[in-house]
file run03.pdb (PDB, C-alpha atoms (C1' of nucleotides))
MODEL        1
ATOM      1  CA  MET A   1      48.485 -18.508  77.164  1.00  0.00           C
ATOM      2  CA  LEU A   2      46.835 -15.533  78.843  1.00  0.00           C
ATOM      3  CA  ARG A   3      50.201 -14.609  80.303  1.00  0.00           C
ATOM      4  CA  ILE A   4      51.652 -14.394  76.809  1.00  0.00           C
ATOM      5  CA  TYR A   5      48.726 -12.233  75.752  1.00  0.00           C
ATOM      6  CA  GLN A   6      49.277  -9.815  78.621  1.00  0.00           C
ATOM      7  CA  ARG A   7      52.942  -9.528  77.807  1.00  0.00           C
ATOM      8  CA  LEU A   8      52.245  -8.828  74.139  1.00  0.00           C
ATOM      9  CA  TYR A   9      49.623  -6.246  75.042  1.00  0.00           C
ATOM     10  CA  ASP A  10      51.916  -4.468  77.482  1.00  0.00           C
ATOM     11  CA  CYS A  11      54.689  -4.565  74.905  1.00  0.00           C
ATOM     12  CA  HIS A  12      52.851  -3.544  71.724  1.00  0.00           C
ATOM     13  CA  GLY A  13      49.613  -1.903  72.899  1.00  0.00           C
ATOM     14  CA  PRO A  14      46.131  -2.212  71.390  1.00  0.00           C
ATOM     15  CA  GLN A  15      46.135  -2.930  67.658  1.00  0.00           C
ATOM     16  CA  HIS A  16      42.615  -1.969  66.508  1.00  0.00           C
ATOM     17  CA  TRP A  17      42.039  -4.738  64.010  1.00  0.00           C
ATOM     18  CA  TRP A  18      40.490  -5.478  61.542  1.00  0.00           C
ATOM     19  CA  PRO A  19      40.962  -2.452  59.250  1.00  0.00           C
ATOM     20  CA  GLY A  20      37.956  -2.496  56.973  1.00  0.00           C
ATOM     21  CA  ASP A  21      34.653  -0.758  56.496  1.00  0.00           C
ATOM     22  CA  GLY A  22      32.040  -3.409  57.213  1.00  0.00           C
ATOM     23  CA  PRO A  23      31.998  -7.217  56.986  1.00  0.00           C
ATOM     24  CA  PHE A  24      32.224  -7.526  53.214  1.00  0.00           C
ATOM     25  CA  GLU A  25      35.263  -5.290  52.946  1.00  0.00           C
ATOM     26  CA  ILE A  26      36.877  -7.318  55.710  1.00  0.00           C
ATOM     27  CA  MET A  27      36.302 -10.510  53.753  1.00  0.00           C
ATOM     28  CA  VAL A  28      37.769  -8.980  50.601  1.00  0.00           C
ATOM     29  CA  GLY A  29      40.811  -7.966  52.643  1.00  0.00           C
ATOM     30  CA  ALA A  30      41.117 -11.517  53.977  1.00  0.00           C
ATOM     31  CA  VAL A  31      41.470 -12.888  50.455  1.00  0.00           C
ATOM     32  CA  LEU A  32      43.797 -10.154  49.241  1.00  0.00           C
ATOM     33  CA  THR A  33      46.174 -10.382  52.198  1.00  0.00           C
ATOM     34  CA  GLN A  34      47.151 -13.997  51.507  1.00  0.00           C
ATOM     35  CA  ASN A  35      50.936 -14.070  51.837  1.00  0.00           C
ATOM     36  CA  THR A  36      50.988 -10.325  51.210  1.00  0.00           C
ATOM     37  CA  ALA A  37      51.888  -7.223  53.211  1.00  0.00           C
ATOM     38  CA  TRP A  38      48.818  -5.315  54.379  1.00  0.00           C
ATOM     39  CA  SER A  39      50.102  -2.015  52.942  1.00  0.00           C
ATOM     40  CA  ASN A  40      49.811  -3.558  49.467  1.00  0.00           C
ATOM     41  CA  VAL A  41      46.288  -4.760  50.200  1.00  0.00           C
ATOM     42  CA  GLU A  42      45.231  -1.246  51.198  1.00  0.00           C
ATOM     43  CA  ARG A  43      46.243   0.059  47.792  1.00  0.00           C
ATOM     44  CA  ALA A  44      44.217  -2.588  46.000  1.00  0.00           C
ATOM     45  CA  ILE A  45      41.169  -1.923  48.180  1.00  0.00           C
ATOM     46  CA  GLY A  46      41.639   1.780  47.509  1.00  0.00           C
ATOM     47  CA  ASN A  47      41.548   1.027  43.786  1.00  0.00           C
ATOM     48  CA  LEU A  48      38.324  -0.951  44.191  1.00  0.00           C
ATOM     49  CA  LYS A  49      36.702   1.889  46.121  1.00  0.00           C
ATOM     50  CA  ALA A  50      37.849   4.530  43.668  1.00  0.00           C
ATOM     51  CA  ALA A  51      36.393   2.464  40.829  1.00  0.00           C
ATOM     52  CA  GLY A  52      33.152   2.040  42.771  1.00  0.00           C
ATOM     53  CA  VAL A  53      33.249  -1.764  42.549  1.00  0.00           C
ATOM     54  CA  LEU A  54      33.727  -2.785  46.180  1.00  0.00           C
ATOM     55  CA  ALA A  55      30.456  -4.724  46.270  1.00  0.00           C
ATOM     56  CA  PRO A  56      29.687  -8.434  45.795  1.00  0.00           C
ATOM     57  CA  ARG A  57      27.681  -8.096  42.573  1.00  0.00           C
ATOM     58  CA  ALA A  58      30.090  -5.697  40.884  1.00  0.00           C
ATOM     59  CA  LEU A  59      33.134  -7.796  41.733  1.00  0.00           C
ATOM     60  CA  ALA A  60      31.464 -11.040  40.701  1.00  0.00           C
ATOM     61  CA  THR A  61      30.352  -9.817  37.287  1.00  0.00           C
ATOM     62  CA  MET A  62      33.082  -7.436  36.141  1.00  0.00           C
ATOM     63  CA  PRO A  63      35.602  -8.522  33.487  1.00  0.00           C
ATOM     64  CA  ALA A  64      38.513 -10.423  35.019  1.00  0.00           C
ATOM     65  CA  ALA A  65      41.089  -8.365  33.117  1.00  0.00           C
ATOM     66  CA  ARG A  66      39.781  -5.144  34.630  1.00  0.00           C
ATOM     67  CA  LEU A  67      39.683  -6.562  38.154  1.00  0.00           C
ATOM     68  CA  ALA A  68      43.224  -7.874  37.750  1.00  0.00           C
ATOM     69  CA  ARG A  69      44.421  -4.351  36.921  1.00  0.00           C
ATOM     70  CA  LEU A  70      42.808  -2.976  40.084  1.00  0.00           C
ATOM     71  CA  LEU A  71      44.304  -5.748  42.229  1.00  0.00           C
ATOM     72  CA  LYS A  72      47.810  -5.350  40.821  1.00  0.00           C
ATOM     73  CA  PRO A  73      49.411  -3.713  43.886  1.00  0.00           C
ATOM     74  CA  ALA A  74      48.303  -6.639  46.091  1.00  0.00           C
ATOM     75  CA  GLY A  75      50.433  -9.101  44.107  1.00  0.00           C
ATOM     76  CA  TYR A  76      49.350 -12.496  42.702  1.00  0.00           C
ATOM     77  CA  PHE A  77      46.725 -10.456  40.892  1.00  0.00           C
ATOM     78  CA  ASN A  78      45.664 -13.165  38.444  1.00  0.00           C
ATOM     79  CA  VAL A  79      45.226 -15.729  41.200  1.00  0.00           C
ATOM     80  CA  LYS A  80      43.442 -13.262  43.462  1.00  0.00           C
ATOM     81  CA  THR A  81      41.114 -12.143  40.689  1.00  0.00           C
ATOM     82  CA  ARG A  82      39.928 -15.731  40.292  1.00  0.00           C
ATOM     83  CA  ARG A  83      39.665 -16.259  44.055  1.00  0.00           C
ATOM     84  CA  LEU A  84      37.816 -13.030  44.742  1.00  0.00           C
ATOM     85  CA  GLN A  85      35.305 -13.654  41.972  1.00  0.00           C
ATOM     86  CA  ASN A  86      34.790 -17.242  43.144  1.00  0.00           C
ATOM     87  CA  PHE A  87      34.108 -15.943  46.613  1.00  0.00           C
ATOM     88  CA  CYS A  88      31.791 -13.141  45.519  1.00  0.00           C
ATOM     89  CA  ARG A  89      29.708 -15.478  43.368  1.00  0.00           C
ATOM     90  CA  TRP A  90      29.315 -17.911  46.242  1.00  0.00           C
ATOM     91  CA  TYR A  91      28.551 -15.023  48.621  1.00  0.00           C
ATOM     92  CA  GLY A  92      25.771 -13.765  46.368  1.00  0.00           C
ATOM     93  CA  GLU A  93      24.337 -17.235  45.842  1.00  0.00           C
ATOM     94  CA  GLN A  94      24.024 -17.728  49.603  1.00  0.00           C
ATOM     95  CA  GLY A  95      22.125 -14.475  50.036  1.00  0.00           C
ATOM     96  CA  GLY A  96      24.970 -12.319  51.343  1.00  0.00           C
ATOM     97  CA  TYR A  97      25.774 -11.342  54.895  1.00  0.00           C
ATOM     98  CA  GLU A  98      22.188 -11.005  56.037  1.00  0.00           C
ATOM     99  CA  SER A  99      21.681 -14.684  55.323  1.00  0.00           C
ATOM    100  CA  LEU A 100      25.120 -16.046  56.250  1.00  0.00           C
ATOM    101  CA  LYS A 101      25.241 -14.328  59.630  1.00  0.00           C
ATOM    102  CA  HIS A 102      22.565 -16.705  60.925  1.00  0.00           C
ATOM    103  CA  TRP A 103      24.491 -19.870  60.027  1.00  0.00           C
ATOM    104  CA  PRO A 104      26.090 -21.886  62.818  1.00  0.00           C
ATOM    105  CA  THR A 105      29.857 -21.478  62.902  1.00  0.00           C
ATOM    106  CA  ARG A 106      30.723 -25.061  61.911  1.00  0.00           C
ATOM    107  CA  ARG A 107      28.514 -24.974  58.853  1.00  0.00           C
ATOM    108  CA  LEU A 108      29.743 -21.525  57.890  1.00  0.00           C
ATOM    109  CA  ARG A 109      33.391 -22.604  58.116  1.00  0.00           C
ATOM    110  CA  HIS A 110      32.727 -25.701  56.056  1.00  0.00           C
ATOM    111  CA  ALA A 111      30.968 -23.663  53.390  1.00  0.00           C
ATOM    112  CA  LEU A 112      33.718 -21.027  53.283  1.00  0.00           C
ATOM    113  CA  LEU A 113      36.347 -23.749  52.873  1.00  0.00           C
ATOM    114  CA  SER A 114      34.443 -25.139  49.896  1.00  0.00           C
ATOM    115  CA  VAL A 115      35.146 -21.934  47.958  1.00  0.00           C
ATOM    116  CA  ASN A 116      38.248 -22.340  45.806  1.00  0.00           C
ATOM    117  CA  GLY A 117      40.784 -19.831  47.086  1.00  0.00           C
ATOM    118  CA  VAL A 118      39.561 -19.754  50.677  1.00  0.00           C
ATOM    119  CA  GLY A 119      41.744 -21.870  52.956  1.00  0.00           C
ATOM    120  CA  HIS A 120      41.835 -22.355  56.719  1.00  0.00           C
ATOM    121  CA  GLU A 121      43.295 -19.036  57.711  1.00  0.00           C
ATOM    122  CA  THR A 122      41.237 -16.965  55.291  1.00  0.00           C
ATOM    123  CA  ALA A 123      38.040 -18.705  56.432  1.00  0.00           C
ATOM    124  CA  ASP A 124      38.887 -18.125  60.085  1.00  0.00           C
ATOM    125  CA  ASP A 125      39.796 -14.480  59.438  1.00  0.00           C
ATOM    126  CA  MET A 126      36.314 -14.068  58.031  1.00  0.00           C
ATOM    127  CA  LEU A 127      34.652 -15.993  60.864  1.00  0.00           C
ATOM    128  CA  LEU A 128      36.382 -13.975  63.571  1.00  0.00           C
ATOM    129  CA  TYR A 129      36.633 -10.495  62.093  1.00  0.00           C
ATOM    130  CA  ALA A 130      33.560 -10.338  59.838  1.00  0.00           C
ATOM    131  CA  PHE A 131      31.129 -12.743  61.533  1.00  0.00           C
ATOM    132  CA  GLU A 132      32.359 -12.217  65.102  1.00  0.00           C
ATOM    133  CA  ARG A 133      32.599 -15.923  65.889  1.00  0.00           C
ATOM    134  CA  PRO A 134      34.947 -17.118  68.656  1.00  0.00           C
ATOM    135  CA  VAL A 135      37.605 -18.609  66.365  1.00  0.00           C
ATOM    136  CA  PHE A 136      41.336 -18.343  67.049  1.00  0.00           C
ATOM    137  CA  VAL A 137      43.156 -17.621  63.785  1.00  0.00           C
ATOM    138  CA  ILE A 138      46.352 -19.606  63.195  1.00  0.00           C
ATOM    139  CA  ASP A 139      48.952 -18.166  60.855  1.00  0.00           C
ATOM    140  CA  ALA A 140      52.668 -18.533  60.271  1.00  0.00           C
ATOM    141  CA  TYR A 141      53.431 -16.053  63.066  1.00  0.00           C
ATOM    142  CA  THR A 142      51.263 -17.971  65.519  1.00  0.00           C
ATOM    143  CA  ARG A 143      52.963 -21.279  64.748  1.00  0.00           C
ATOM    144  CA  ARG A 144      56.362 -19.709  65.074  1.00  0.00           C
ATOM    145  CA  LEU A 145      55.580 -17.958  68.336  1.00  0.00           C
ATOM    146  CA  PHE A 146      53.985 -20.876  70.194  1.00  0.00           C
ATOM    147  CA  SER A 147      56.581 -23.224  68.780  1.00  0.00           C
ATOM    148  CA  ARG A 148      59.465 -21.070  70.004  1.00  0.00           C
ATOM    149  CA  LEU A 149      57.844 -20.728  73.397  1.00  0.00           C
ATOM    150  CA  GLY A 150      57.668 -24.517  73.550  1.00  0.00           C
ATOM    151  CA  LEU A 151      53.884 -24.402  73.975  1.00  0.00           C
ATOM    152  CA  ALA A 152      52.960 -26.292  70.796  1.00  0.00           C
ATOM    153  CA  ASP A 153      54.455 -28.461  68.098  1.00  0.00           C
ATOM    154  CA  GLY A 154      55.008 -26.131  65.140  1.00  0.00           C
ATOM    155  CA  ASP A 155      53.834 -28.607  62.522  1.00  0.00           C
ATOM    156  CA  LEU A 156      50.547 -29.638  64.070  1.00  0.00           C
ATOM    157  CA  ALA A 157      47.639 -29.722  61.643  1.00  0.00           C
ATOM    158  CA  TYR A 158      45.782 -26.417  61.413  1.00  0.00           C
ATOM    159  CA  ASP A 159      42.614 -27.482  63.248  1.00  0.00           C
ATOM    160  CA  ALA A 160      44.552 -29.385  65.879  1.00  0.00           C
ATOM    161  CA  LEU A 161      46.572 -26.299  66.770  1.00  0.00           C
ATOM    162  CA  ARG A 162      43.521 -24.052  66.707  1.00  0.00           C
ATOM    163  CA  GLY A 163      41.583 -26.414  68.961  1.00  0.00           C
ATOM    164  CA  MET A 164      44.474 -26.598  71.377  1.00  0.00           C
ATOM    165  CA  VAL A 165      44.816 -22.844  71.724  1.00  0.00           C
ATOM    166  CA  GLU A 166      41.066 -22.301  72.023  1.00  0.00           C
ATOM    167  CA  ALA A 167      40.717 -24.990  74.683  1.00  0.00           C
ATOM    168  CA  ALA A 168      43.646 -23.616  76.683  1.00  0.00           C
ATOM    169  CA  LEU A 169      42.357 -20.038  76.608  1.00  0.00           C
ATOM    170  CA  GLU A 170      38.808 -21.035  77.507  1.00  0.00           C
ATOM    171  CA  ALA A 171      40.075 -23.086  80.438  1.00  0.00           C
ATOM    172  CA  GLU A 172      42.240 -20.232  81.714  1.00  0.00           C
ATOM    173  CA  LEU A 173      39.388 -17.739  81.413  1.00  0.00           C
ATOM    174  CA  SER A 174      37.048 -20.102  83.277  1.00  0.00           C
ATOM    175  CA  ARG A 175      39.498 -20.522  86.138  1.00  0.00           C
ATOM    176  CA  GLY A 176      40.055 -16.774  86.289  1.00  0.00           C
ATOM    177  CA  GLY A 177      36.375 -15.879  86.196  1.00  0.00           C
ATOM    178  CA  ARG A 178      34.126 -15.889  89.234  1.00  0.00           C
ATOM    179  CA  GLY A 179      32.692 -19.303  90.018  1.00  0.00           C
ATOM    180  CA  GLY A 180      34.640 -21.088  87.269  1.00  0.00           C
ATOM    181  CA  ARG A 181      32.001 -19.970  84.802  1.00  0.00           C
ATOM    182  CA  PRO A 182      32.873 -20.412  81.080  1.00  0.00           C
ATOM    183  CA  PRO A 183      33.630 -17.203  79.148  1.00  0.00           C
ATOM    184  CA  GLY A 184      30.884 -15.610  77.048  1.00  0.00           C
ATOM    185  CA  ARG A 185      31.033 -15.449  73.269  1.00  0.00           C
ATOM    186  CA  ARG A 186      31.728 -11.721  73.107  1.00  0.00           C
ATOM    187  CA  ARG A 187      34.580 -12.045  75.578  1.00  0.00           C
ATOM    188  CA  LEU A 188      36.206 -14.737  73.457  1.00  0.00           C
ATOM    189  CA  VAL A 189      35.726 -12.801  70.228  1.00  0.00           C
ATOM    190  CA  SER A 190      37.415  -9.682  71.569  1.00  0.00           C
ATOM    191  CA  LEU A 191      40.254 -11.708  73.102  1.00  0.00           C
ATOM    192  CA  TYR A 192      40.909 -13.750  69.928  1.00  0.00           C
ATOM    193  CA  ASN A 193      40.681 -10.606  67.824  1.00  0.00           C
ATOM    194  CA  GLU A 194      43.271  -8.686  69.814  1.00  0.00           C
ATOM    195  CA  TYR A 195      45.483 -11.728  70.425  1.00  0.00           C
ATOM    196  CA  HIS A 196      45.904 -12.502  66.749  1.00  0.00           C
ATOM    197  CA  ALA A 197      46.579  -8.853  65.961  1.00  0.00           C
ATOM    198  CA  LEU A 198      49.219  -8.719  68.692  1.00  0.00           C
ATOM    199  CA  ILE A 199      50.913 -11.871  67.415  1.00  0.00           C
ATOM    200  CA  VAL A 200      51.176 -10.337  63.954  1.00  0.00           C
ATOM    201  CA  ALA A 201      52.497  -7.057  65.353  1.00  0.00           C
ATOM    202  CA  HIS A 202      55.042  -8.981  67.403  1.00  0.00           C
ATOM    203  CA  GLY A 203      56.039 -11.034  64.378  1.00  0.00           C
ATOM    204  CA  LYS A 204      56.624  -7.968  62.226  1.00  0.00           C
ATOM    205  CA  ASP A 205      58.547  -6.314  65.001  1.00  0.00           C
ATOM    206  CA  VAL A 206      61.016  -8.759  66.508  1.00  0.00           C
ATOM    207  CA  CYS A 207      59.923 -12.374  66.199  1.00  0.00           C
ATOM    208  CA  ARG A 208      61.082 -12.826  62.606  1.00  0.00           C
ATOM    209  CA  PRO A 209      61.656 -16.102  60.715  1.00  0.00           C
ATOM    210  CA  ARG A 210      65.364 -15.860  61.391  1.00  0.00           C
ATOM    211  CA  PRO A 211      65.555 -15.841  65.162  1.00  0.00           C
ATOM    212  CA  ARG A 212      66.991 -12.586  66.317  1.00  0.00           C
ATOM    213  CA  CYS A 213      64.847 -12.033  69.356  1.00  0.00           C
ATOM    214  CA  ALA A 214      67.551 -10.517  71.490  1.00  0.00           C
ATOM    215  CA  ASP A 215      65.341  -7.658  72.628  1.00  0.00           C
ATOM    216  CA  CYS A 216      62.069  -9.539  72.299  1.00  0.00           C
ATOM    217  CA  CYS A 217      59.672  -8.812  75.146  1.00  0.00           C
ATOM    218  CA  LEU A 218      59.066 -12.576  75.505  1.00  0.00           C
ATOM    219  CA  ALA A 219      62.725 -13.607  75.417  1.00  0.00           C
ATOM    220  CA  ASP A 220      62.723 -14.625  79.077  1.00  0.00           C
ATOM    221  CA  LEU A 221      59.865 -17.063  78.373  1.00  0.00           C
ATOM    222  CA  CYS A 222      61.646 -18.856  75.533  1.00  0.00           C
ATOM    223  CA  PRO A 223      63.458 -22.094  76.384  1.00  0.00           C
ATOM    224  CA  ALA A 224      67.228 -21.684  76.278  1.00  0.00           C
ATOM    225  CA  GLY A 225      68.705 -21.992  72.806  1.00  0.00           C
ATOM    226  CA  THR A 226      65.576 -21.026  70.894  1.00  0.00           C
ATOM    227  CA  VAL A 227      66.562 -17.380  70.543  1.00  0.00           C
ATOM    228  CA  ASP A 228      69.784 -15.637  69.630  1.00  0.00           C
ATOM    229  CA  GLN A 229      71.722 -14.069  72.425  1.00  0.00           C
ATOM    230  CA  PRO A 230      72.372 -10.318  72.296  1.00  0.00           C
TER     231      PRO A 230
ATOM    232  C1'  DA B   1      71.170  -7.885  46.146  1.00  0.00           C
ATOM    233  C1'  DC B   2      68.383 -10.334  49.536  1.00  0.00           C
ATOM    234  C1'  DC B   3      64.504 -11.332  52.599  1.00  0.00           C
ATOM    235  C1'  DC B   4      59.925 -11.064  53.682  1.00  0.00           C
ATOM    236  C1'  DA B   5      54.825 -10.361  53.682  1.00  0.00           C
ATOM    237  C1'  DG B   6      48.099 -11.175  58.023  1.00  0.00           C
ATOM    238  C1'  DG B   7      48.341 -18.404  52.054  1.00  0.00           C
ATOM    239  C1'  DG B   8      46.306 -21.576  48.874  1.00  0.00           C
ATOM    240  C1'  DT B   9      46.106 -24.757  45.031  1.00  0.00           C
ATOM    241  C1'  DC B  10      47.677 -28.211  42.189  1.00  0.00           C
ATOM    242  C1'  DA B  11      50.671 -31.992  40.512  1.00  0.00           C
ATOM    243  C1'  DT B  12      53.277 -35.650  42.016  1.00  0.00           C
ATOM    244  C1'  DA B  13      54.882 -39.790  44.782  1.00  0.00           C
TER     245       DA B  13
ATOM    246  C1'  DT C   1      50.139 -37.756  54.006  1.00  0.00           C
ATOM    247  C1'  DA C   2      53.728 -34.941  52.457  1.00  0.00           C
ATOM    248  C1'  DT C   3      56.619 -32.395  49.704  1.00  0.00           C
ATOM    249  C1'  DG C   4      57.614 -28.832  45.830  1.00  0.00           C
ATOM    250  C1'  DA C   5      56.358 -25.375  42.225  1.00  0.00           C
ATOM    251  C1'  DC C   6      53.887 -21.581  41.440  1.00  0.00           C
ATOM    252  C1'  DC C   7      51.721 -17.177  41.988  1.00  0.00           C
ATOM    253  C1'  DA C   8      53.899 -11.190  41.941  1.00  0.00           C
ATOM    254  C1'  DT C   9      54.001  -6.590  44.105  1.00  0.00           C
ATOM    255  C1'  DG C  10      56.410  -3.476  47.282  1.00  0.00           C
ATOM    256  C1'  DG C  11      59.094  -2.214  51.624  1.00  0.00           C
ATOM    257  C1'  DG C  12      63.191  -2.728  54.508  1.00  0.00           C
TER     258       DG C  12
ENDMDL
END
call {"tool": "encode", "arguments": {"input": "run03.pdb", "output": "structure tokens"}}
result
Amino acid sequence: MLRIYQRLYDCHGPQHWWPGDGPFEIMVGAVLTQNTAWSNVERAIGNLKAAGVLAPRALATMPAARLARLLKPAGYFNVKTRRLQNFCRWYGEQGGYESLKHWPTRRLRHALLSVNGVGHETADDMLLYAFERPVFVIDAYTRRLFSRLGLADGDLAYDALRGMVEAALEAELSRGGRGGRPPGRRRLVSLYNEYHALIVAHGKDVCRPRPRCADCCLADLCPAGTVDQP
DNA sequence: ACCCAGGGTCATA
DNA sequence: TATGACCATGGG
């Protein structure tokens, strides 16, 4: 797993995720980017900023019709209006970031998942990128990549796949580190952060749904027959 | 014209 | 548990 990471890093370079000004903006982005290109999300966030409503209270209480207009460029604007307001109401009820940041990761994930509109990936985006918890985010790109490399069954349940990847990376870091010592939290957070960003960059670049990985920088690691030949 | 994007929910069997 | 329909804009 670490070998794959190194290859992706050498191939695509540092990615500097997550674009967003502070934890709350990151969480808003996590909801808006559901099945949506990030460039479209940036426009919607720009609209929210320009309107001066990029804050939990303002988003939670503003008229849905107005919010929907601002979210239009992000697509699914009616669905996302409902989801974002659900989330912001919950966020305010729990006392905001200053309160939530003290919660243990398991409890925080469970609570996030209880919000209608926040699923596994969105919750884990928030946990990793906003709360800096050591959580490996699984998305469609990740499934596709590890599946094509023959490292994981592509249709494993979300938490099963996440647990597998986390366990593998922790084990490899322990073996690599002096004295077989387990990796620290900050080390894991920065690795998971950059790894997920690299997988997305790689997915956008060459590792598309239709396999045409002829000049993919991981092509030599794929089992024969899983990628198109040049 | 077609494919795809940093998913999730709900109804149905 | 496991499918399928649905949501909607914008870039290549």
call {"tool": "interface_residues", "arguments": {"input": "run03.pdb", "of": "chain C", "to": "chain A", "cutoff": "10 Å", "atoms": "all atoms listed in the file", "output": "mmCIF file with C-alpha atoms (C1' of nucleotides), keeping the file's coordinate frame"}}
result
data_model
loop_
_atom_site.group_PDB
_atom_site.id
_atom_site.type_symbol
_atom_site.label_atom_id
_atom_site.label_comp_id
_atom_site.auth_asym_id
_atom_site.auth_seq_id
_atom_site.Cartn_x
_atom_site.Cartn_y
_atom_site.Cartn_z
ATOM 1 C "C1'" DC C 7 51.721 -17.177 41.988
ATOM 2 C "C1'" DA C 8 53.899 -11.190 41.941
ATOM 3 C "C1'" DT C 9 54.001 -6.590 44.105
ATOM 4 C "C1'" DG C 10 56.410 -3.476 47.282
ATOM 5 C "C1'" DG C 11 59.094 -2.214 51.624
#
call {"tool": "residues_around", "arguments": {"input": "run03.pdb", "residues": "range 174-186 of chain A", "least_positions_apart": "2", "cutoff": "12 Å", "atoms": "only C-alpha atoms (C1' of nucleotides)", "output": "list of chain:residue names"}}
result
A:Leu2, A:Arg3, A:Leu128, A:Phe131, A:Glu132, A:Arg133, A:Pro134, A:Val135, A:Glu166, A:Ala167, A:Ala168, A:Leu169, A:Glu170, A:Ala171, A:Glu172, A:Leu188, A:Val189, A:Ser190, A:Leu191, A:Tyr192, A:Asn193
call {"tool": "write_last_selection", "arguments": {"input": "run03.pdb", "atoms": "C-alpha atoms", "output": "JSON list (two decimals), keeping the file's coordinate frame"}}
result
[["chain", "number", "residue", "atom", "x", "y", "z"],
["A", 2, "LEU", "CA", 46.84, -15.53, 78.84],
["A", 3, "ARG", "CA", 50.20, -14.61, 80.30],
["A", 128, "LEU", "CA", 36.38, -13.98, 63.57],
["A", 131, "PHE", "CA", 31.13, -12.74, 61.53],
["A", 132, "GLU", "CA", 32.36, -12.22, 65.10],
["A", 133, "ARG", "CA", 32.60, -15.92, 65.89],
["A", 134, "PRO", "CA", 34.95, -17.12, 68.66],
["A", 135, "VAL", "CA", 37.60, -18.61, 66.36],
["A", 166, "GLU", "CA", 41.07, -22.30, 72.02],
["A", 167, "ALA", "CA", 40.72, -24.99, 74.68],
["A", 168, "ALA", "CA", 43.65, -23.62, 76.68],
["A", 169, "LEU", "CA", 42.36, -20.04, 76.61],
["A", 170, "GLU", "CA", 38.81, -21.04, 77.51],
["A", 171, "ALA", "CA", 40.08, -23.09, 80.44],
["A", 172, "GLU", "CA", 42.24, -20.23, 81.71],
["A", 188, "LEU", "CA", 36.21, -14.74, 73.46],
["A", 189, "VAL", "CA", 35.73, -12.80, 70.23],
["A", 190, "SER", "CA", 37.42, -9.68, 71.57],
["A", 191, "LEU", "CA", 40.25, -11.71, 73.10],
["A", 192, "TYR", "CA", 40.91, -13.75, 69.93],
["A", 193, "ASN", "CA", 40.68, -10.61, 67.82]]
call {"tool": "resolve_selection", "arguments": {"input": "run03.pdb", "expression": "the PyMOL selection byres ((chain B) within 9 of (chain A))", "output": "ChimeraX atom specification"}}
result
/B:4-9
call {"tool": "atom_distance", "arguments": {"input": "run03.pdb", "atom1": "CA of His102 in chain A", "atom2": "CA of Met126 in chain A"}}
result
14.3 Å
call {"tool": "atom_distance", "arguments": {"input": "run03.pdb", "atom1": "CA of Val53 in chain A", "atom2": "CA of Ala65 in chain A"}}
result
13.9 Å
